[in-house]
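Asker: I have a structure here, written as structure tokens, and I will follow up with some questions on it.
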Amino acid sequence: MNAQKTVWVTGASSGLGLHTAMALRDDGWQVIAGARSFSGGQKDGMTCLPLDVTEDESVREFCRRAAEIAPPDALVQCAGMLVLGSCEETAVEEFRRVIDTNYLGMVRMNRAVLPLMRERGGGKIVLFSSINGLMGIPFQSAYTASKHAIEGYAECLAMEVKPFGIQVMLVEPGDHRSGSDKYRPHAAAMSDTSPYAAEYESSVSVIAHDEHNGSDPDVLGRKIAHTLDKKRIPFRKRIASPDQHLAVYVHKLLPAKLNAMILRKYYIRKKKPQ
Ligand SMILES: NC(=O)c1ccc[n+]([C@@H]2O[C@H](COP(=O)([O-])OP(=O)(O)OC[C@H]3O[C@@H](n4cnc5c(N)ncnc54)[C@H](OP(=O)(O)O)[C@@H]3O)[C@@H](O)[C@H]2O)c1
């Protein structure tokens, strides 16, 4: 039990962020949750404050209000979104929105929280990456790029903050049946006349199938809560089905062209003639 400990959780209004926040609450943490759809106040035993991680002022205001309640022993960053689309047809503005939310959102939050943790002599920072932080899949380039950025950034961060007693953990989930389609828009330019239309349709339906049949988000929440209870936390925590663990392992071993061939075959399935 961590009765006196406080965790700040971003992206806690739905999906894995909500499941993680609830598991931490059940484990005895005081949870201060942030998301754009929160307007302030208590909900389900958690303090829910408005937070838009793409806005400097919103991050500042969230941290100010949260610190008045209790400074963070841990920060868990789950806020995220993706845009589905081909590299060619996804607009630069759509790439920017994904990178700004998933990656720069973490950078903003860390810049605000690190001084508080240093002053207190330590803390734990959990950054939600993804299996896509380790390997690309077709038609998710903006998301994949944002998660690769998080992976590189976290390695630098962990080395820099170690002397201050701050530990960093990357969570790399495989597919979980938690995500909402509202956070997975199609790039505006994708249409039936796209040169990529057939392969896009196949890929998107495999992605949706895998997520809807993915792992249990409650289990992920409990695993993170259990890990945060420990004095020492690992740098990487992959939480995925056995076949997704295997996919990452194989990806590390195989030459790039063979990997691409296997992944294309998996995501791009030819329609059987009627
Ligand atoms: N689900 C999966 O299978 C899976 C797999 C691998 C990794 N992940 C990662 O896990 C995290 C959660 O994903 P999910 O699919 O479970 O959840 P989700 O249902 O897509 O929820 C996204 C969350 O992020 C918040 N959010 C979005 N933009 C925000 C912003 N600008 N500022 C603050 N909060 C923002 C949303 O709340 P508001 O709209 O209220 O702001 C919501 O709470 C993400 O980082 C995702 O990349 C998920």
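Quick note on naming: the chains in the structure tokens go A, B, ... in the order shown, residues restart at 1 in each chain, and ligands are numbered from 1 in order of appearance.
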Each residue of range 99-124 of chain A with at least one atom at most 7 Å from range 138-156 of chain A should appear once, together with its nearest atom pair and the corresponding distance in Å (one decimal); atoms considered: only C-alpha atoms; ordering: chain, then increasing residue number; output as a Markdown table.

Answerer:
```
| residue | atom | partner | partner_atom | distance |
| --- | --- | --- | --- | --- |
| A:Ile99 | CA | A:Ser146 | CA | 5.1 |
| A:Asn102 | CA | A:Ser146 | CA | 6.2 |
| A:Tyr103 | CA | A:Ser146 | CA | 5.6 |
```

Asker: Enumerate, in order of chain and increasing residue number, the residues of chain A with an atom no farther than 7 Å from ligand 1, each with its shortest atom pair and distance in Å to one decimal, counting only C-alpha atoms and all ligand atoms, as a Markdown table.

Answerer:
```
| residue | atom | partner | partner_atom_place_in_ligand_line | distance |
| --- | --- | --- | --- | --- |
| A:Thr10 | CA | ligand 1 | 34 (N) | 6.0 |
| A:Gly11 | CA | ligand 1 | 43 (O) | 3.6 |
| A:Ala12 | CA | ligand 1 | 43 (O) | 4.5 |
| A:Ser13 | CA | ligand 1 | 43 (O) | 3.8 |
| A:Ser14 | CA | ligand 1 | 43 (O) | 4.2 |
| A:Gly15 | CA | ligand 1 | 16 (O) | 3.4 |
| A:Leu16 | CA | ligand 1 | 16 (O) | 3.7 |
| A:Gly17 | CA | ligand 1 | 12 (C) | 5.4 |
| A:Leu18 | CA | ligand 1 | 43 (O) | 6.8 |
| A:Gly34 | CA | ligand 1 | 33 (C) | 6.6 |
| A:Ala35 | CA | ligand 1 | 41 (O) | 4.0 |
| A:Arg36 | CA | ligand 1 | 41 (O) | 3.5 |
| A:Ser37 | CA | ligand 1 | 40 (O) | 3.7 |
| A:Phe38 | CA | ligand 1 | 40 (O) | 6.3 |
| A:Leu51 | CA | ligand 1 | 33 (C) | 5.2 |
| A:Asp52 | CA | ligand 1 | 32 (N) | 3.4 |
| A:Val53 | CA | ligand 1 | 32 (N) | 4.0 |
| A:Thr54 | CA | ligand 1 | 31 (N) | 5.1 |
| A:Cys78 | CA | ligand 1 | 45 (O) | 4.3 |
| A:Ala79 | CA | ligand 1 | 24 (O) | 3.5 |
| A:Gly80 | CA | ligand 1 | 45 (O) | 4.0 |
| A:Met81 | CA | ligand 1 | 20 (O) | 5.6 |
| A:Thr101 | CA | ligand 1 | 31 (N) | 5.1 |
| A:Asn102 | CA | ligand 1 | 45 (O) | 6.4 |
| A:Phe128 | CA | ligand 1 | 45 (O) | 5.0 |
| A:Ser129 | CA | ligand 1 | 7 (C) | 5.8 |
| A:Ser130 | CA | ligand 1 | 7 (C) | 4.2 |
| A:Ile131 | CA | ligand 1 | 6 (C) | 6.3 |
| A:Glu172 | CA | ligand 1 | 7 (C) | 6.4 |
| A:Pro173 | CA | ligand 1 | 6 (C) | 4.3 |
| A:Gly174 | CA | ligand 1 | 5 (C) | 5.0 |
| A:Asp175 | CA | ligand 1 | 3 (O) | 3.6 |
| A:His176 | CA | ligand 1 | 3 (O) | 3.6 |
| A:Arg177 | CA | ligand 1 | 3 (O) | 5.9 |
| A:Ser178 | CA | ligand 1 | 16 (O) | 4.8 |
| A:Gly179 | CA | ligand 1 | 15 (O) | 3.2 |
| A:Ser180 | CA | ligand 1 | 19 (O) | 4.2 |
| A:Tyr183 | CA | ligand 1 | 20 (O) | 4.9 |
| A:Glu211 | CA | ligand 1 | 3 (O) | 5.5 |
| A:Gly214 | CA | ligand 1 | 3 (O) | 6.8 |
```

Asker: Put those residues in a file: C-alpha atoms, as a PDB file, in the first residue's frame.

Answerer:
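File selection.pdb, as written:
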```pdb
ATOM      1  CA  THR A  10      -2.140  12.370 -17.855  1.00  0.00           C
ATOM      2  CA  GLY A  11      -4.678  11.126 -20.399  1.00  0.00           C
ATOM      3  CA  ALA A  12      -6.680   9.583 -17.585  1.00  0.00           C
ATOM      4  CA  SER A  13     -10.202  10.153 -18.936  1.00  0.00           C
ATOM      5  CA  SER A  14     -10.272   6.950 -21.007  1.00  0.00           C
ATOM      6  CA  GLY A  15      -8.335   3.937 -22.221  1.00  0.00           C
ATOM      7  CA  LEU A  16      -5.133   2.718 -20.622  1.00  0.00           C
ATOM      8  CA  GLY A  17      -4.675   6.013 -18.750  1.00  0.00           C
ATOM      9  CA  LEU A  18      -8.003   5.574 -16.979  1.00  0.00           C
ATOM     10  CA  GLY A  34      -5.506  15.187 -16.079  1.00  0.00           C
ATOM     11  CA  ALA A  35      -7.334  15.305 -19.418  1.00  0.00           C
ATOM     12  CA  ARG A  36      -8.965  17.925 -21.662  1.00  0.00           C
ATOM     13  CA  SER A  37     -12.467  16.664 -20.882  1.00  0.00           C
ATOM     14  CA  PHE A  38     -12.082  17.132 -17.110  1.00  0.00           C
ATOM     15  CA  LEU A  51      -5.138  19.401 -18.862  1.00  0.00           C
ATOM     16  CA  ASP A  52      -4.186  19.859 -22.493  1.00  0.00           C
ATOM     17  CA  VAL A  53      -0.611  18.619 -22.876  1.00  0.00           C
ATOM     18  CA  THR A  54      -0.222  20.542 -26.153  1.00  0.00           C
ATOM     19  CA  CYS A  78      -0.611   8.297 -21.018  1.00  0.00           C
ATOM     20  CA  ALA A  79      -2.092  11.177 -23.068  1.00  0.00           C
ATOM     21  CA  GLY A  80      -1.997  10.113 -26.678  1.00  0.00           C
ATOM     22  CA  MET A  81      -3.652   9.933 -30.073  1.00  0.00           C
ATOM     23  CA  THR A 101       0.375  15.396 -28.181  1.00  0.00           C
ATOM     24  CA  ASN A 102       2.310  12.161 -27.770  1.00  0.00           C
ATOM     25  CA  PHE A 128       3.679   5.420 -22.340  1.00  0.00           C
ATOM     26  CA  SER A 129       5.412   4.292 -25.508  1.00  0.00           C
ATOM     27  CA  SER A 130       4.122   1.363 -27.556  1.00  0.00           C
ATOM     28  CA  ILE A 131       5.262  -1.672 -29.496  1.00  0.00           C
ATOM     29  CA  GLU A 172       5.476  -0.498 -24.204  1.00  0.00           C
ATOM     30  CA  PRO A 173       1.946  -1.873 -24.542  1.00  0.00           C
ATOM     31  CA  GLY A 174       0.928  -4.189 -27.314  1.00  0.00           C
ATOM     32  CA  ASP A 175      -2.671  -4.036 -28.534  1.00  0.00           C
ATOM     33  CA  HIS A 176      -5.197  -3.535 -25.732  1.00  0.00           C
ATOM     34  CA  ARG A 177      -8.953  -3.407 -26.064  1.00  0.00           C
ATOM     35  CA  SER A 178      -9.157   0.067 -24.575  1.00  0.00           C
ATOM     36  CA  GLY A 179      -8.602   2.691 -27.212  1.00  0.00           C
ATOM     37  CA  SER A 180     -11.422   4.842 -28.501  1.00  0.00           C
ATOM     38  CA  TYR A 183      -8.506   9.325 -30.826  1.00  0.00           C
ATOM     39  CA  GLU A 211      -7.070  -3.732 -30.916  1.00  0.00           C
ATOM     40  CA  GLY A 214      -6.310  -7.088 -27.643  1.00  0.00           C
TER      41      GLY A 214
END
```

Asker: Name the residues in contact with Thr227 in chain A at a cut-off of 12 Å, using only C-alpha atoms, excluding same-chain residues fewer than 4 positions from it; report them as a list of chain:residue names.

Answerer: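 Near neighbours after the sequence-gap exclusion: A:Thr20, A:Ala23, A:Leu24, A:Asp27, A:Ala74, A:Lys124, A:Val126, A:Met169, A:Leu170, A:Val171, A:Leu220, A:Gly221, A:Arg222, A:Lys223, A:Lys231, A:Arg232, A:Ile233, A:Pro234, A:Phe235, A:Arg236, A:Lys237, A:Arg238, A:Ile239.
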
Asker: Using CA of Ser58 in chain A and CA of Gly28 in chain A as the two end points, give the distance in Å to one decimal.

Answerer: 27.4 Å

Asker: Give me the residues within 9 Å of Ala21 in chain A as a list in words, counting only C-alpha atoms and dropping any in the same chain fewer than 4 places off.

Answerer: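 Listing them by chain and then by number gives Val7, Trp8, Val9, Ala12, Leu16, Gly17, Arg25, Asp26, Val31, Ile32, Ala33, Met46, Val76, Gly221 and Ala225 of chain A.
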
Asker: With a distance cut-off of 8 Å and only C-alpha atoms, select the neighbouring residues of range 242-251 of chain A, excluding the residue or stretch itself and same-chain residues fewer than 2 positions from it, and output the selection as a compact mmCIF listing (two decimals) with C-alpha atoms, in the first residue's frame.

Answerer:
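The result, stored in part.txt:
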```txt
# COMPACT_ATOMS: atom_id res chain seq x y z
CA ILE A 131 5.26 -1.67 -29.50
CA LEU A 134 10.15 -0.32 -31.48
CA MET A 135 8.86 -1.15 -34.96
CA GLY A 174 0.93 -4.19 -27.31
CA ARG A 238 6.62 -4.36 -22.25
CA ALA A 240 1.85 -7.41 -24.62
CA LEU A 253 17.01 -10.31 -35.14
CA LEU A 254 15.92 -10.20 -38.77
CA PRO A 255 17.27 -8.01 -41.58
CA ALA A 256 15.07 -4.98 -42.32
CA ASN A 259 10.92 -7.75 -41.46
```

Asker: When DSSP works through the backbone of this structure, what residues of range 78-251 of chain A end up as strand (DSSP E), shown as an NGL selection string?

Answerer: :A and (123-128 or 166-173 or 236-239)

Asker: Could you please take those selected residues and save N, CA, C and O atoms as a PDB file, in the first residue's frame?

Answerer:
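As written to disk, selection_7.pdb reads:
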```pdb
ATOM      1  N   GLY A 123      11.740  10.657  -7.464  1.00  0.00           N
ATOM      2  CA  GLY A 123      10.403  10.415  -8.010  1.00  0.00           C
ATOM      3  C   GLY A 123      10.475   9.385  -9.124  1.00  0.00           C
ATOM      4  O   GLY A 123      11.566   8.909  -9.473  1.00  0.00           O
ATOM      5  N   LYS A 124       9.304   9.034  -9.642  1.00  0.00           N
ATOM      6  CA  LYS A 124       9.237   8.033 -10.722  1.00  0.00           C
ATOM      7  C   LYS A 124       8.448   8.618 -11.882  1.00  0.00           C
ATOM      8  O   LYS A 124       7.359   9.174 -11.682  1.00  0.00           O
ATOM      9  N   ILE A 125       8.996   8.484 -13.081  1.00  0.00           N
ATOM     10  CA  ILE A 125       8.319   8.998 -14.271  1.00  0.00           C
ATOM     11  C   ILE A 125       8.047   7.833 -15.215  1.00  0.00           C
ATOM     12  O   ILE A 125       8.975   7.112 -15.613  1.00  0.00           O
ATOM     13  N   VAL A 126       6.786   7.646 -15.542  1.00  0.00           N
ATOM     14  CA  VAL A 126       6.385   6.545 -16.433  1.00  0.00           C
ATOM     15  C   VAL A 126       5.895   7.148 -17.746  1.00  0.00           C
ATOM     16  O   VAL A 126       4.987   7.995 -17.749  1.00  0.00           O
ATOM     17  N   LEU A 127       6.508   6.745 -18.843  1.00  0.00           N
ATOM     18  CA  LEU A 127       6.159   7.288 -20.158  1.00  0.00           C
ATOM     19  C   LEU A 127       5.533   6.183 -21.007  1.00  0.00           C
ATOM     20  O   LEU A 127       6.164   5.138 -21.227  1.00  0.00           O
ATOM     21  N   PHE A 128       4.322   6.420 -21.496  1.00  0.00           N
ATOM     22  CA  PHE A 128       3.679   5.420 -22.340  1.00  0.00           C
ATOM     23  C   PHE A 128       4.218   5.497 -23.766  1.00  0.00           C
ATOM     24  O   PHE A 128       3.952   6.426 -24.510  1.00  0.00           O
ATOM     25  N   ILE A 166      15.690  10.237  -9.492  1.00  0.00           N
ATOM     26  CA  ILE A 166      14.476  10.112 -10.305  1.00  0.00           C
ATOM     27  C   ILE A 166      14.651   8.931 -11.262  1.00  0.00           C
ATOM     28  O   ILE A 166      15.663   8.824 -11.955  1.00  0.00           O
ATOM     29  N   GLN A 167      13.667   8.038 -11.255  1.00  0.00           N
ATOM     30  CA  GLN A 167      13.711   6.860 -12.128  1.00  0.00           C
ATOM     31  C   GLN A 167      12.703   7.028 -13.268  1.00  0.00           C
ATOM     32  O   GLN A 167      11.626   7.605 -13.080  1.00  0.00           O
ATOM     33  N   VAL A 168      13.075   6.478 -14.407  1.00  0.00           N
ATOM     34  CA  VAL A 168      12.231   6.598 -15.602  1.00  0.00           C
ATOM     35  C   VAL A 168      11.869   5.192 -16.080  1.00  0.00           C
ATOM     36  O   VAL A 168      12.719   4.299 -16.107  1.00  0.00           O
ATOM     37  N   MET A 169      10.608   5.018 -16.445  1.00  0.00           N
ATOM     38  CA  MET A 169      10.177   3.720 -16.997  1.00  0.00           C
ATOM     39  C   MET A 169       9.371   3.950 -18.280  1.00  0.00           C
ATOM     40  O   MET A 169       8.424   4.752 -18.293  1.00  0.00           O
ATOM     41  N   LEU A 170       9.755   3.240 -19.317  1.00  0.00           N
ATOM     42  CA  LEU A 170       8.977   3.232 -20.557  1.00  0.00           C
ATOM     43  C   LEU A 170       8.003   2.068 -20.485  1.00  0.00           C
ATOM     44  O   LEU A 170       8.417   0.925 -20.257  1.00  0.00           O
ATOM     45  N   VAL A 171       6.719   2.341 -20.705  1.00  0.00           N
ATOM     46  CA  VAL A 171       5.751   1.240 -20.830  1.00  0.00           C
ATOM     47  C   VAL A 171       5.487   1.049 -22.325  1.00  0.00           C
ATOM     48  O   VAL A 171       5.195   2.008 -23.035  1.00  0.00           O
ATOM     49  N   GLU A 172       5.656  -0.193 -22.771  1.00  0.00           N
ATOM     50  CA  GLU A 172       5.476  -0.498 -24.204  1.00  0.00           C
ATOM     51  C   GLU A 172       4.315  -1.476 -24.356  1.00  0.00           C
ATOM     52  O   GLU A 172       4.514  -2.694 -24.411  1.00  0.00           O
ATOM     53  N   PRO A 173       3.081  -0.953 -24.408  1.00  0.00           N
ATOM     54  CA  PRO A 173       1.946  -1.873 -24.542  1.00  0.00           C
ATOM     55  C   PRO A 173       1.834  -2.417 -25.966  1.00  0.00           C
ATOM     56  O   PRO A 173       2.120  -1.717 -26.938  1.00  0.00           O
ATOM     57  N   ARG A 236      12.433  -0.514 -18.941  1.00  0.00           N
ATOM     58  CA  ARG A 236      11.423  -0.876 -19.950  1.00  0.00           C
ATOM     59  C   ARG A 236      10.453  -1.884 -19.368  1.00  0.00           C
ATOM     60  O   ARG A 236      10.871  -2.861 -18.742  1.00  0.00           O
ATOM     61  N   LYS A 237       9.167  -1.666 -19.637  1.00  0.00           N
ATOM     62  CA  LYS A 237       8.176  -2.676 -19.257  1.00  0.00           C
ATOM     63  C   LYS A 237       7.266  -2.889 -20.456  1.00  0.00           C
ATOM     64  O   LYS A 237       6.451  -2.038 -20.800  1.00  0.00           O
ATOM     65  N   ARG A 238       7.469  -4.028 -21.089  1.00  0.00           N
ATOM     66  CA  ARG A 238       6.620  -4.359 -22.246  1.00  0.00           C
ATOM     67  C   ARG A 238       5.428  -5.157 -21.739  1.00  0.00           C
ATOM     68  O   ARG A 238       5.585  -6.145 -21.030  1.00  0.00           O
ATOM     69  N   ILE A 239       4.228  -4.707 -22.088  1.00  0.00           N
ATOM     70  CA  ILE A 239       3.028  -5.415 -21.633  1.00  0.00           C
ATOM     71  C   ILE A 239       2.244  -5.771 -22.888  1.00  0.00           C
ATOM     72  O   ILE A 239       1.571  -4.927 -23.488  1.00  0.00           O
TER      73      ILE A 239
END
```

Asker: If you run DSSP on the backbone here, which positions in range 55-103 of chain A get alpha helix (DSSP H)? Please write them as a list in words.

Answerer: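 Put together, the selection reads Asp56, Glu57, Ser58, Val59, Arg60, Glu61, Phe62, Cys63, Arg64, Arg65, Ala66, Ala67, Glu68, Ile69, Val92, Glu93, Glu94, Phe95, Arg96, Arg97, Val98 and Ile99 of chain A.
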